[in-house]
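Dumped target14.csv below, it's CSV, C-alpha atoms:
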chain,number,residue,atom,x,y,z
A,266,MET,CA,67.5,-2.4,-90.9
A,267,LYS,CA,69.5,-0.2,-93.2
A,268,LEU,CA,73.2,0.3,-92.6
A,269,PRO,CA,74.2,4.0,-92.4
A,270,ARG,CA,76.8,5.6,-94.6
A,271,LEU,CA,80.1,5.3,-92.8
A,272,SER,CA,83.7,6.3,-93.4
A,273,GLY,CA,86.6,3.8,-93.0
A,274,ARG,CA,87.7,5.6,-89.8
A,275,GLU,CA,84.2,5.3,-88.3
A,276,VAL,CA,84.1,1.6,-89.1
A,277,ILE,CA,87.5,1.0,-87.4
A,278,LYS,CA,86.2,2.9,-84.3
A,279,ILE,CA,83.1,0.7,-84.2
A,280,LEU,CA,85.1,-2.6,-84.6
A,281,SER,CA,87.6,-1.5,-82.0
A,282,LYS,CA,84.7,-1.7,-79.5
A,283,LYS,CA,84.6,-5.5,-80.3
A,284,GLY,CA,88.3,-5.9,-79.7
A,285,PHE,CA,89.7,-5.4,-83.2
A,286,LYS,CA,93.0,-3.5,-83.4
A,287,ALA,CA,94.6,-1.9,-86.4
A,288,VAL,CA,97.9,-3.7,-87.1
A,289,ARG,CA,99.0,-2.5,-90.5
A,290,GLN,CA,98.1,-0.6,-93.6
A,291,LYS,CA,98.6,-1.4,-97.2
A,292,GLY,CA,97.8,1.6,-99.4
A,293,SER,CA,94.3,2.8,-98.4
A,294,HIS,CA,93.4,-0.5,-96.7
A,295,ILE,CA,93.8,-0.9,-93.0
A,296,ILE,CA,94.0,-4.5,-91.6
A,297,LEU,CA,92.4,-5.1,-88.2
A,298,ILE,CA,93.0,-8.2,-86.1
A,299,LYS,CA,91.2,-9.7,-83.2
A,300,GLU,CA,92.9,-12.3,-81.0
A,301,LEU,CA,90.6,-15.3,-80.3
A,302,ASP,CA,91.1,-18.5,-78.3
A,303,SER,CA,90.8,-20.4,-81.6
A,304,GLY,CA,93.3,-18.1,-83.4
A,305,LYS,CA,93.0,-14.7,-85.1
A,306,LYS,CA,90.3,-13.0,-87.0
A,307,ALA,CA,91.3,-10.4,-89.6
A,308,VAL,CA,89.2,-7.7,-91.3
A,309,VAL,CA,90.3,-5.4,-94.1
A,310,VAL,CA,88.7,-1.9,-94.0
A,311,PRO,CA,89.3,0.6,-96.8
A,312,ASN,CA,90.2,4.0,-95.5
A,313,HIS,CA,87.7,5.8,-97.7
A,314,PRO,CA,85.5,8.8,-96.9
A,315,GLU,CA,82.4,6.6,-97.6
A,316,ILE,CA,82.3,2.8,-97.7
A,317,ASP,CA,79.9,1.1,-100.2
A,318,LYS,CA,77.0,-0.8,-98.7
A,319,GLY,CA,78.2,-4.2,-100.1
A,320,THR,CA,81.7,-3.6,-98.8
A,321,LEU,CA,80.3,-2.6,-95.4
A,322,LEU,CA,78.2,-5.8,-95.3
A,323,GLU,CA,81.2,-7.9,-96.1
A,324,ILE,CA,83.3,-6.2,-93.4
A,325,VAL,CA,80.5,-7.0,-90.9
A,326,ARG,CA,80.4,-10.6,-92.0
A,327,GLN,CA,84.2,-11.0,-91.8
A,328,ALA,CA,84.1,-9.6,-88.3
A,329,GLY,CA,81.7,-12.3,-87.3
A,330,LEU,CA,78.9,-9.9,-86.4
A,331,THR,CA,75.3,-9.8,-87.4
A,332,ARG,CA,73.9,-6.6,-88.9
A,333,LYS,CA,71.9,-6.0,-85.7
A,334,GLU,CA,75.0,-6.4,-83.5
A,335,PHE,CA,76.9,-4.0,-85.7
A,336,LEU,CA,74.1,-1.4,-85.6
A,337,ALA,CA,74.0,-1.7,-81.8
A,338,LEU,CA,77.7,-0.8,-81.7
A,339,ILE,CA,77.2,2.4,-83.6
A,340,LYS,CA,75.1,4.0,-80.8
Have the structure of the file written as structure tokens, please.
Amino acid sequence: MKLPRLSGREVIKILSKKGFKAVRQKGSHIILIKELDSGKKAVVVPNHPEIDKGTLLEIVRQAGLTRKEFLALIK
């Protein structure tokens, strides 16, 4: 399953479906946080027109999602 080419804004929209909220921005990087019973989970998304495949995979991993779960959220 190949990951599509996505912009930073598109990735933020997709992660917001899983409960992540943008809390702050440092330069072109937007920090998203999700509150969990065990604490907080943070993900950094670069606000670029197109995110590299490796970076996107790392964002998916940091968010605690599988590639399949992430792809299901896109639809």
Could you list, as a VMD selection string, every residue within 7 Å of region 301-316 of chain A, counting all atoms listed in the file and ignoring same-chain residues fewer than 6 positions away?
chain A and resid 270 to 274 293 to 295 324 327 to 328
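If you look at CA of Lys283 (chain A) and CA of Glu323 (chain A), they are 16.3 Å away from each other.
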Val325 (chain A): which residues within 12 Å, counting only C-alpha atoms, same-chain residues fewer than 2 positions away excluded, as JSON, numbers by chain?
{"A": [268, 276, 277, 279, 280, 283, 307, 308, 309, 310, 318, 319, 320, 321, 322, 323, 327, 328, 329, 330, 331, 332, 333, 334, 335, 336, 338]}
Residue with the minimum atom-to-atom distance to Ile339 (chain A), picked from A:Lys278, A:Arg326, A:Lys286, A:Lys291 with only C-alpha atoms counted, is A:Lys278
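With CA of Met266 (chain A) on one side and CA of Lys282 (chain A) on the other, the separation reads 20.6 Å.
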